[in-house]
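Q: Structure file query_8.csv (CSV, C-alpha atoms and all ligand atoms) right here:
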chain,number,residue,atom,x,y,z
E,1,MET,CA,0.0,0.0,0.0
E,2,ILE,CA,1.3,3.4,-0.9
E,3,ARG,CA,-0.1,6.3,1.2
E,4,TYR,CA,-0.5,9.9,0.2
E,5,GLY,CA,1.4,10.9,3.3
E,6,GLN,CA,3.4,9.0,6.0
E,7,GLN,CA,5.7,9.7,8.9
E,8,HIS,CA,9.4,8.7,9.0
E,9,ILE,CA,10.6,7.5,12.4
E,10,THR,CA,14.3,6.7,13.0
E,11,ALA,CA,16.1,4.8,15.8
E,12,GLU,CA,17.2,8.2,17.2
E,13,ASP,CA,13.6,9.3,17.4
E,14,ILE,CA,12.7,6.2,19.4
E,15,GLU,CA,15.8,6.6,21.6
E,16,ALA,CA,14.7,10.2,22.4
E,17,VAL,CA,11.3,9.1,23.4
E,18,ILE,CA,12.6,6.2,25.6
E,19,GLU,CA,15.0,8.5,27.3
E,20,VAL,CA,12.1,10.7,28.5
E,21,MET,CA,10.2,7.6,29.7
E,22,HIS,CA,13.1,6.8,32.0
E,23,SER,CA,13.2,10.3,33.3
E,24,ILE,CA,11.1,11.9,36.0
E,25,ASN,CA,9.1,14.3,33.8
E,26,LEU,CA,6.6,12.7,31.4
E,27,THR,CA,4.9,16.0,31.0
E,28,GLN,CA,5.7,19.7,31.8
E,29,GLY,CA,9.4,18.8,31.7
E,30,PRO,CA,12.5,20.1,29.9
E,31,ALA,CA,11.6,18.4,26.6
E,32,ILE,CA,8.9,20.9,25.9
E,33,PRO,CA,11.1,24.1,25.8
E,34,ARG,CA,13.7,22.1,23.9
E,35,PHE,CA,11.1,21.3,21.2
E,36,GLU,CA,9.8,24.8,21.3
E,37,GLU,CA,13.3,26.1,20.8
E,38,SER,CA,13.8,23.9,17.7
E,39,VAL,CA,10.6,25.3,16.1
E,40,LYS,CA,11.5,28.9,17.0
E,41,TYR,CA,14.9,28.4,15.5
E,42,ALA,CA,13.6,26.8,12.3
E,43,CYS,CA,11.0,29.5,11.6
E,44,ASP,CA,12.9,32.5,13.1
E,45,ALA,CA,10.1,33.5,15.5
E,46,GLN,CA,10.7,34.8,19.1
E,47,PHE,CA,8.2,32.7,21.0
E,48,ALA,CA,6.8,29.2,20.6
E,49,VAL,CA,4.1,27.5,22.6
E,50,ALA,CA,3.7,23.7,22.1
E,51,VAL,CA,0.2,22.2,22.6
E,52,ASN,CA,-1.5,18.9,21.9
E,53,SER,CA,-2.7,19.7,18.4
E,54,ALA,CA,-2.8,22.4,15.8
E,55,THR,CA,-6.6,22.6,16.5
E,56,SER,CA,-5.8,23.5,20.1
E,57,ALA,CA,-3.2,26.0,18.8
E,58,LEU,CA,-5.8,27.6,16.6
E,59,HIS,CA,-8.3,27.8,19.4
E,60,ILE,CA,-6.1,29.5,22.0
E,61,SER,CA,-4.7,31.8,19.3
E,62,CYS,CA,-8.2,33.0,18.6
E,63,LEU,CA,-8.8,33.5,22.3
E,64,ALA,CA,-5.5,35.3,22.8
E,65,LEU,CA,-6.5,37.7,20.1
E,66,GLY,CA,-9.7,38.4,21.9
E,67,LEU,CA,-12.1,36.6,19.5
E,68,GLY,CA,-15.6,36.2,21.0
E,69,PRO,CA,-19.4,36.3,20.3
E,70,GLY,CA,-20.3,39.0,17.8
E,71,ASP,CA,-17.0,38.8,16.0
E,72,TYR,CA,-16.2,37.3,12.6
E,73,LEU,CA,-13.4,35.0,11.6
E,74,TRP,CA,-12.7,34.5,7.9
E,75,THR,CA,-10.7,31.7,6.4
E,76,SER,CA,-10.3,29.7,3.2
E,77,PRO,CA,-13.0,27.1,2.2
E,78,ASN,CA,-10.1,24.9,0.9
E,79,THR,CA,-8.8,23.8,4.3
E,80,PHE,CA,-9.3,21.3,7.1
E,81,VAL,CA,-12.4,22.1,9.2
E,82,ALA,CA,-10.2,23.1,12.2
E,83,SER,CA,-9.2,26.4,10.5
E,84,ALA,CA,-12.9,27.5,10.8
E,85,ASN,CA,-14.0,25.5,13.8
E,86,CYS,CA,-11.6,27.4,16.0
E,87,GLY,CA,-13.7,30.6,15.5
E,88,LEU,CA,-16.9,28.7,16.5
E,89,TYR,CA,-15.3,27.4,19.7
E,90,CYS,CA,-15.0,31.1,20.7
E,91,GLY,CA,-18.6,31.9,19.9
E,92,ALA,CA,-17.7,33.9,16.8
E,93,SER,CA,-19.3,33.7,13.3
E,94,ILE,CA,-17.4,32.2,10.4
E,95,ASP,CA,-17.2,33.3,6.8
E,96,PHE,CA,-15.0,32.2,3.9
E,97,VAL,CA,-13.0,33.9,1.1
E,98,ASP,CA,-12.7,32.0,-2.1
E,99,ILE,CA,-9.4,30.7,-3.4
E,100,ASP,CA,-7.0,31.7,-6.1
E,101,PRO,CA,-7.4,29.1,-9.0
E,102,ARG,CA,-3.7,28.9,-9.4
E,103,THR,CA,-2.3,28.5,-5.9
E,104,TYR,CA,-5.5,27.2,-4.3
E,105,ASN,CA,-4.8,29.6,-1.4
E,106,LEU,CA,-7.1,32.3,-0.1
E,107,CYS,CA,-7.3,34.9,-2.9
E,108,PRO,CA,-6.3,38.4,-1.7
E,109,LYS,CA,-8.4,40.1,-4.4
E,110,ALA,CA,-11.5,38.2,-3.3
E,111,LEU,CA,-10.6,39.2,0.3
E,112,GLU,CA,-10.4,42.8,-0.6
E,113,GLN,CA,-13.8,42.7,-2.4
E,114,LYS,CA,-15.4,41.1,0.6
E,115,LEU,CA,-13.8,43.6,3.0
E,116,VAL,CA,-15.2,46.5,1.0
E,117,VAL,CA,-18.7,45.0,1.4
E,118,ALA,CA,-18.2,44.1,5.1
E,119,GLU,CA,-17.0,47.6,5.9
E,120,ARG,CA,-20.3,49.0,4.5
E,121,GLU,CA,-22.3,46.4,6.4
E,122,GLY,CA,-20.4,46.6,9.7
E,123,THR,CA,-19.3,43.0,9.5
E,124,LEU,CA,-15.6,43.3,9.2
E,125,PRO,CA,-13.7,40.3,10.5
E,126,LYS,CA,-11.6,40.4,13.7
E,127,ILE,CA,-9.4,37.6,12.5
E,128,VAL,CA,-8.4,36.2,9.1
E,129,VAL,CA,-6.8,32.8,8.9
E,130,PRO,CA,-4.9,32.3,5.7
E,131,VAL,CA,-3.9,28.7,5.2
E,132,HIS,CA,-0.7,27.9,3.4
E,133,PHE,CA,-2.3,25.1,1.4
E,134,SER,CA,0.0,22.2,0.5
E,135,GLY,CA,2.9,24.1,2.0
E,136,GLN,CA,2.8,26.9,-0.5
E,137,PRO,CA,2.7,30.3,1.3
E,138,CYS,CA,-0.2,32.7,0.8
E,139,ASP,CA,0.3,36.2,-0.6
E,140,MET,CA,1.0,37.5,2.9
E,141,ARG,CA,2.2,40.9,1.9
E,142,ALA,CA,-1.2,41.6,0.3
E,143,ILE,CA,-3.1,40.1,3.2
E,144,HIS,CA,-1.1,42.1,5.7
E,145,ALA,CA,-1.6,45.3,3.8
E,146,LEU,CA,-5.4,44.7,4.0
E,147,ALA,CA,-5.1,43.9,7.7
E,148,GLN,CA,-3.5,47.4,8.2
E,149,ARG,CA,-6.3,49.0,6.2
E,150,TYR,CA,-9.3,47.1,7.7
E,151,GLY,CA,-8.0,46.4,11.2
E,152,PHE,CA,-8.1,42.7,11.4
E,153,ARG,CA,-5.6,40.3,13.0
E,154,ILE,CA,-3.9,37.4,11.2
E,155,ILE,CA,-3.3,33.8,12.3
E,156,GLU,CA,-1.4,31.9,9.6
E,157,ASP,CA,-2.5,28.2,9.5
E,158,ALA,CA,0.9,26.8,8.6
E,159,SER,CA,-0.1,23.2,9.3
E,160,HIS,CA,1.3,22.2,5.9
E,161,ALA,CA,4.1,24.6,5.8
E,162,ILE,CA,6.9,24.1,8.3
E,163,GLY,CA,10.2,24.3,6.4
E,164,GLY,CA,8.7,26.4,3.6
E,165,ARG,CA,9.8,29.9,2.8
E,166,TYR,CA,8.1,33.2,1.8
E,167,LEU,CA,10.2,35.9,0.1
E,168,GLY,CA,13.3,34.0,1.1
E,169,GLN,CA,12.3,33.9,4.8
E,170,PRO,CA,11.0,31.0,6.9
E,171,ILE,CA,7.2,30.6,7.1
E,172,GLY,CA,6.3,31.1,10.7
E,173,ASN,CA,8.5,34.2,11.3
E,174,CYS,CA,5.2,36.1,11.7
E,175,ARG,CA,6.5,39.1,9.8
E,176,TYR,CA,3.1,39.5,8.2
E,177,SER,CA,0.9,38.0,11.0
E,178,ASP,CA,0.2,38.0,14.7
E,179,ILE,CA,0.6,34.2,15.2
E,180,SER,CA,1.4,31.2,13.0
E,181,ILE,CA,0.4,27.7,13.9
E,182,PHE,CA,1.9,24.3,12.9
E,183,SER,CA,0.5,20.8,13.1
E,184,PHE,CA,2.6,17.8,14.0
E,185,HIS,CA,0.1,15.1,13.1
E,186,PRO,CA,1.9,12.0,11.5
E,187,VAL,CA,0.8,13.0,8.0
E,188,LYS,CA,2.4,16.4,8.2
E,189,ILE,CA,6.0,17.4,7.5
E,190,VAL,CA,7.3,16.6,11.0
E,191,THR,CA,5.5,14.7,13.7
E,192,THR,CA,4.9,14.4,17.4
E,193,ALA,CA,2.1,11.8,16.9
E,194,GLU,CA,-0.5,14.5,17.9
E,195,GLY,CA,0.7,18.0,18.4
E,196,GLY,CA,0.8,21.7,17.5
E,197,VAL,CA,2.8,24.8,18.1
E,198,ALA,CA,1.8,28.5,18.0
E,199,VAL,CA,4.6,30.9,17.3
E,200,THR,CA,4.6,34.7,17.7
E,201,ASN,CA,6.9,37.7,18.1
E,202,ASP,CA,4.5,39.3,20.6
E,203,SER,CA,5.5,38.6,24.2
E,204,VAL,CA,2.0,39.5,25.5
E,205,LEU,CA,0.4,37.0,23.1
E,206,ALA,CA,2.9,34.4,24.0
E,207,GLU,CA,2.1,34.8,27.7
E,208,LYS,CA,-1.6,34.5,27.0
E,209,LEU,CA,-1.0,31.3,24.9
E,210,GLY,CA,1.0,29.8,27.7
E,211,LEU,CA,-1.8,30.5,30.2
E,212,LEU,CA,-4.5,29.2,28.0
E,213,ARG,CA,-2.7,25.9,27.3
E,214,SER,CA,-2.7,25.1,31.0
E,215,HIS,CA,-6.0,26.0,32.7
E,216,GLY,CA,-5.3,29.7,32.8
E,217,ILE,CA,-3.0,29.0,35.8
E,218,THR,CA,0.2,30.8,36.4
E,219,ARG,CA,3.1,30.6,38.9
E,220,GLU,CA,4.7,33.7,37.5
E,221,PRO,CA,4.3,36.6,40.0
E,222,HIS,CA,4.2,39.2,37.3
E,223,LEU,CA,1.1,37.5,35.7
E,224,MET,CA,-0.8,37.3,39.0
E,225,THR,CA,-3.6,39.7,39.8
E,226,ARG,CA,-3.0,39.5,43.6
E,227,PRO,CA,0.2,39.1,45.7
E,228,MET,CA,1.4,35.5,46.3
E,229,ASP,CA,0.3,33.9,49.5
E,230,GLY,CA,3.4,31.8,49.6
E,231,PRO,CA,5.8,29.5,47.7
E,232,TRP,CA,3.1,26.9,47.2
E,233,TYR,CA,0.9,29.5,45.4
E,234,TYR,CA,-0.5,29.5,41.9
E,235,GLN,CA,-3.3,31.6,40.5
E,236,GLN,CA,-5.9,31.0,37.9
E,237,VAL,CA,-6.2,34.3,36.0
E,238,ALA,CA,-8.0,33.2,32.8
E,239,LEU,CA,-10.2,30.3,31.7
E,240,GLY,CA,-7.8,28.0,30.1
E,241,PHE,CA,-7.7,24.3,29.0
E,242,ASN,CA,-5.5,21.3,29.4
E,243,TYR,CA,-4.0,21.5,25.9
E,244,ARG,CA,-0.5,20.4,27.0
E,245,MET,CA,1.9,18.3,24.9
E,246,THR,CA,3.7,15.4,26.7
E,247,ASP,CA,7.5,15.3,27.0
E,248,MET,CA,7.5,12.1,25.0
E,249,GLN,CA,5.9,13.9,22.1
E,250,ALA,CA,8.1,16.9,22.4
E,251,ALA,CA,11.2,14.7,22.4
E,252,LEU,CA,10.0,13.0,19.3
E,253,GLY,CA,9.4,16.4,17.7
E,254,ALA,CA,12.8,17.8,18.6
E,255,SER,CA,14.5,14.7,17.2
E,256,GLN,CA,12.4,15.0,14.0
E,257,MET,CA,13.1,18.7,13.6
E,258,THR,CA,16.8,17.9,13.1
E,259,ARG,CA,15.7,16.4,9.7
E,260,LEU,CA,13.3,19.1,8.7
E,261,HIS,CA,15.6,20.4,5.9
E,262,ASP,CA,16.2,16.9,4.5
E,263,TYR,CA,12.4,16.1,4.5
E,264,VAL,CA,11.5,19.3,2.6
E,265,GLN,CA,14.4,18.6,0.2
E,266,ARG,CA,13.2,15.1,-0.5
E,267,ARG,CA,9.6,16.3,-1.0
E,268,HIS,CA,10.9,18.8,-3.6
E,269,GLU,CA,12.9,16.1,-5.4
E,270,LEU,CA,9.8,13.9,-5.6
E,271,ALA,CA,7.6,16.8,-6.7
E,272,SER,CA,9.9,17.6,-9.5
E,273,ARG,CA,10.0,14.0,-10.6
E,274,TYR,CA,6.2,14.1,-10.8
E,275,ASP,CA,6.4,17.4,-12.6
E,276,ASP,CA,8.7,15.9,-15.3
E,277,ALA,CA,6.6,12.7,-15.6
E,278,PHE,CA,3.4,14.6,-16.1
E,279,GLN,CA,4.7,16.8,-19.0
E,280,GLY,CA,2.0,16.7,-21.7
E,281,TRP,CA,-0.6,14.9,-19.6
E,282,PRO,CA,-4.1,16.2,-19.5
E,283,LEU,CA,-3.7,17.6,-15.9
E,284,THR,CA,-2.4,20.6,-14.1
E,285,ILE,CA,0.6,20.1,-11.9
E,286,PRO,CA,0.9,22.3,-8.7
E,287,TRP,CA,1.7,25.8,-9.8
E,288,GLN,CA,4.5,27.4,-7.8
E,289,HIS,CA,4.4,31.1,-7.0
E,290,PRO,CA,7.8,32.7,-7.4
E,291,ASP,CA,7.5,34.4,-4.0
E,292,GLY,CA,7.4,31.1,-2.2
E,293,PHE,CA,9.3,27.9,-1.5
E,294,SER,CA,6.7,25.3,-0.7
E,295,ALA,CA,7.2,22.8,2.1
E,296,TYR,CA,5.3,20.4,-0.3
E,297,HIS,CA,3.1,18.7,2.2
E,298,LEU,CA,0.8,17.7,-0.7
E,299,TYR,CA,1.2,17.1,-4.4
E,300,VAL,CA,-2.2,17.9,-5.9
E,301,ILE,CA,-3.0,17.1,-9.5
E,302,ARG,CA,-5.9,18.8,-11.3
E,303,LEU,CA,-7.5,16.6,-14.0
E,304,HIS,CA,-8.5,18.1,-17.3
E,305,LEU,CA,-11.8,16.3,-17.3
E,306,ASP,CA,-12.9,17.5,-20.7
E,307,GLU,CA,-9.8,15.8,-22.2
E,308,ILE,CA,-10.1,12.3,-20.7
E,309,ARG,CA,-12.7,9.6,-20.7
E,310,PRO,CA,-12.9,8.5,-17.1
E,311,THR,CA,-14.5,10.7,-14.5
E,312,HIS,CA,-12.8,12.3,-11.5
E,313,ARG,CA,-14.3,9.6,-9.3
E,314,GLN,CA,-13.3,6.8,-11.6
E,315,VAL,CA,-9.6,7.9,-11.6
E,316,PHE,CA,-9.7,8.2,-7.8
E,317,GLU,CA,-11.2,4.8,-7.4
E,318,ALA,CA,-8.9,3.1,-9.9
E,319,LEU,CA,-5.9,4.4,-7.9
E,320,ARG,CA,-7.4,3.2,-4.6
E,321,GLU,CA,-8.2,-0.2,-6.1
E,322,ARG,CA,-4.5,-0.6,-6.8
E,323,ASP,CA,-3.6,0.3,-3.2
E,324,ILE,CA,-2.5,3.8,-4.1
E,325,MET,CA,-4.1,5.6,-1.1
E,326,VAL,CA,-4.8,8.9,-2.8
E,327,ASN,CA,-6.9,11.5,-1.0
E,328,LEU,CA,-8.7,14.7,-1.7
E,329,HIS,CA,-7.8,18.0,0.0
E,330,TYR,CA,-10.3,19.5,0.7
E,331,ILE,CA,-14.0,19.1,0.6
E,332,PRO,CA,-14.9,22.8,0.8
E,333,VAL,CA,-15.6,23.5,4.4
E,334,HIS,CA,-18.8,25.5,3.7
E,335,THR,CA,-20.4,22.5,2.1
E,336,GLN,CA,-20.0,20.3,5.2
E,337,PRO,CA,-23.5,19.6,6.7
E,338,TYR,CA,-22.6,21.4,9.9
E,339,TYR,CA,-21.8,24.6,7.9
E,340,GLU,CA,-24.7,24.2,5.6
E,341,ALA,CA,-26.9,24.2,8.6
E,342,MET,CA,-25.5,27.7,9.4
E,343,GLY,CA,-26.7,28.9,6.0
E,344,PHE,CA,-23.8,28.2,3.6
E,345,GLN,CA,-24.6,26.4,0.4
E,346,VAL,CA,-23.0,25.0,-2.8
E,347,GLY,CA,-22.4,27.9,-5.1
E,348,ASP,CA,-21.1,30.3,-2.4
E,349,PHE,CA,-17.4,29.8,-3.2
E,350,PRO,CA,-17.2,28.5,-6.8
E,351,GLU,CA,-13.4,28.4,-7.2
E,352,ALA,CA,-13.1,26.1,-4.2
E,353,GLU,CA,-16.0,24.0,-5.4
E,354,GLN,CA,-14.5,23.7,-9.0
E,355,TYR,CA,-11.2,22.8,-7.5
E,356,TYR,CA,-12.8,20.0,-5.4
E,357,ARG,CA,-14.4,18.5,-8.5
E,358,GLU,CA,-11.1,18.1,-10.3
E,359,THR,CA,-8.3,17.4,-7.9
E,360,ILE,CA,-6.5,14.4,-6.3
E,361,SER,CA,-3.7,14.4,-3.8
E,362,ILE,CA,-1.2,11.8,-4.9
E,363,PRO,CA,1.5,10.2,-2.6
E,364,LEU,CA,4.2,12.5,-1.5
E,365,HIS,CA,6.3,11.8,1.7
E,366,PRO,CA,9.9,11.3,2.6
E,367,VAL,CA,9.7,7.5,2.8
E,368,LEU,CA,8.3,7.2,-0.7
E,369,THR,CA,10.9,5.5,-2.9
E,370,ASP,CA,11.6,6.4,-6.6
E,371,ALA,CA,10.3,2.9,-7.5
E,372,GLU,CA,7.1,3.5,-5.6
E,373,GLN,CA,6.6,6.8,-7.2
E,374,ASP,CA,7.1,5.3,-10.7
E,375,GLU,CA,4.4,2.8,-9.8
E,376,VAL,CA,2.0,5.7,-8.8
E,377,ILE,CA,2.7,7.4,-12.1
E,378,GLU,CA,2.1,4.1,-14.1
E,379,VAL,CA,-1.1,3.3,-12.3
E,380,LEU,CA,-2.3,6.9,-12.8
E,381,ARG,CA,-1.5,6.7,-16.5
E,382,GLU,CA,-3.7,3.6,-16.7
E,383,ALA,CA,-6.4,5.2,-14.6
E,384,MET,CA,-6.5,8.3,-16.8
E,385,ARG,CA,-6.1,6.2,-19.9
E,386,VAL,CA,-3.4,8.5,-21.3
S,1,LIG,C1,-3.9,19.0,10.0
S,1,LIG,C2,-4.5,20.4,9.9
S,1,LIG,C3,-5.1,21.0,11.0
S,1,LIG,C4,-5.3,20.3,12.3
S,1,LIG,O1,-4.2,19.8,12.8
S,1,LIG,P1,-4.2,18.8,14.1
S,1,LIG,O2,-2.8,18.9,14.6
S,1,LIG,O3,-4.6,17.5,13.6
S,1,LIG,O4,-5.2,19.4,15.0
S,1,LIG,C5,-5.5,22.3,10.8
S,1,LIG,N1,-5.4,23.0,9.7
S,1,LIG,C6,-4.9,22.4,8.6
S,1,LIG,C7,-4.8,23.1,7.3
S,1,LIG,C8,-4.4,21.1,8.6
S,1,LIG,O5,-4.0,20.5,7.6
Will you turn the file into structure tokens for me?
Ligand SMILES: *Cc1c(COP(=O)(O)O)cnc(C)c1O
A:
Amino acid sequence: MIRYGQQHITAEDIEAVIEVMHSINLTQGPAIPRFEESVKYACDAQFAVAVNSATSALHISCLALGLGPGDYLWTSPNTFVASANCGLYCGASIDFVDIDPRTYNLCPKALEQKLVVAEREGTLPKIVVPVHFSGQPCDMRAIHALAQRYGFRIIEDASHAIGGRYLGQPIGNCRYSDISIFSFHPVKIVTTAEGGVAVTNDSVLAEKLGLLRSHGITREPHLMTRPMDGPWYYQQVALGFNYRMTDMQAALGASQMTRLHDYVQRRHELASRYDDAFQGWPLTIPWQHPDGFSAYHLYVIRLHLDEIRPTHRQVFEALRERDIMVNLHYIPVHTQPYYEAMGFQVGDFPEAEQYYRETISIPLHPVLTDAEQDEVIEVLREAMRV
């Protein structure tokens, strides 16, 4: 079976996890800041807060930025549901901005048009969540310029994008955003089994994120609202959660992070082998914006359905029947039953819907061999009958 994405675990990774298990701290120990340090270093941000998932990172990032009932959060419809759900957790309303048909990322022009209308109607968003789809950075300069003009905050959903670059600088440096978040689910670039990190350059936001990840409790005198009673003392100063990562996970993450560069390198190698193989085929390969260097979490092909006989679904099924575990990223979030019940419907975001009808994510991960990739190409050739 060839999967669309898969983790790569080495003997060193396992050793690092076992070492923690022999130590005194299984959680809230020194492996957490070590992992946070490795993420900060890789993406050139000042503060990092590790949590138990990217979903949790999104949730507490929204709270740290003050999102609440009566506010709007906007994101891309071409994303995992968590990029939108985080706003609902805070009691805010969600809306979407259609995608650019070349990058499949949130389109800054569509964003601007929607902001003009929202300003008139008094429904401007408090937070916009651009998603670096497949690892390719969004047009952050344009989105940041709109944030200055319309007064919204930005959380980059960089779940796909650790190790990628934008204008020559690491994604996650928060130069054009308030907070960036990463996922460390096994299918992503680097894994902690389950895990997420929020990075920021704002010390006040970092403190809030730290509080929210652990019940809103602090032992830091400067964060307390009353003097300490004594050395045993802690204070709850906010309503937080238990979103902590364990030290086993953090040790795995820190060990994995030492290979971040190699992973992204190998993903690029495989992507360019696909690019070459698909020359002249009736499909569109992932277009790369010159401002970005993708982390290549996904390799998405877009079928030219008017040029081939089989349908989109038939091509997908033919691959799955041959144990090529392709996938589809993403079902437009606004068409999910839960979102349709809030009033969204098919037709609201036509670029994302058209994209959904034509694309397939084919296998791309660092343990994929050249021979396996050749098999994928061959099976796809048969499936598309080209
Ligand atoms: C994977 C993913 C998430 C959620 O990550 P978890 O760590 O599983 O919570 C959020 N957004 C995007 C774009 C993702 O791909």
Q: Which chains and residue numbers are within 6 Å of ligand LIG 1 (chain S), counting only C-alpha atoms and all ligand atoms, if I want them as a CSV table (one decimal) with C-alpha atoms, in the coordinates of the input?
A:
chain,number,residue,atom,x,y,z
E,53,SER,CA,-2.7,19.7,18.4
E,54,ALA,CA,-2.8,22.4,15.8
E,55,THR,CA,-6.6,22.6,16.5
E,79,THR,CA,-8.8,23.8,4.3
E,80,PHE,CA,-9.3,21.3,7.1
E,82,ALA,CA,-10.2,23.1,12.2
E,83,SER,CA,-9.2,26.4,10.5
E,157,ASP,CA,-2.5,28.2,9.5
E,159,SER,CA,-0.1,23.2,9.3
E,160,HIS,CA,1.3,22.2,5.9
E,183,SER,CA,0.5,20.8,13.1
E,184,PHE,CA,2.6,17.8,14.0
E,185,HIS,CA,0.1,15.1,13.1
E,194,GLU,CA,-0.5,14.5,17.9
E,195,GLY,CA,0.7,18.0,18.4
E,196,GLY,CA,0.8,21.7,17.5
Q: Please identify all polymer residues within 7 Å of segment 260-265 of chain E, counting all atoms listed in the file, omitting same-chain residues fewer than 4 positions from it, and present them as a PyMOL selection string.
A: chain E and resi 163+190+256+269+295-296+366
Q: Determine, using all atoms listed in the file, which residues of segment 53-153 of chain E have any atom at most 12 Å from an atom of segment 297-304 of chain E, and tabulate each with its shortest atom pair and distance in Å to one decimal place, rows ordered by chain and then rising number, as a Markdown table.
A:
| residue | atom | partner | partner_atom | distance |
| --- | --- | --- | --- | --- |
| E:Pro101 | CA | E:Arg302 | CA | 10.7 |
| E:Arg102 | CA | E:Arg302 | CA | 10.5 |
| E:Thr103 | CA | E:Val300 | CA | 10.6 |
| E:Tyr104 | CA | E:Val300 | CA | 10.0 |
| E:His132 | CA | E:His297 | CA | 10.0 |
| E:Phe133 | CA | E:Leu298 | CA | 8.3 |
| E:Ser134 | CA | E:Leu298 | CA | 4.7 |
| E:Gly135 | CA | E:His297 | CA | 5.4 |
| E:Gln136 | CA | E:His297 | CA | 8.6 |
| E:Pro137 | CA | E:His297 | CA | 11.6 |
Q: Would you be able to write out as number ranges by chain which residues have an atom within 8 Å of (1.1, 28.0, 8.9) in the file's coordinates, counting only C-alpha atoms?
A: E: 131-132, 156-162, 171-172, 180-182
Q: Using atom CA of Ala341 of chain E and atom CA of Leu115 of chain E as the two end points, give the distance in Å to one decimal.
A: 24.1 Å
Q: Calculated over all atoms listed in the file, which of the candidates E:Glu372, E:Pro310, E:His22, E:Cys138 has the smallest distance to His289 of chain E?
A: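 Using all atoms listed in the file, the shortest distance to His289 of chain E belongs to E:Cys138.
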Q: Please indicate the distance in Å from atom CA of Glu112 of chain E to atom CA of Tyr72 of chain E, rounded to one decimal place.
A: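 Between atom CA of Glu112 of chain E and atom CA of Tyr72 of chain E the gap is 15.4 Å.
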Q: What is the distance, in Å and to one decimal place, between atom CA of Ile189 of chain E and atom CA of Pro33 of chain E?
A: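 Between these atoms lies a distance of 20.1 Å.
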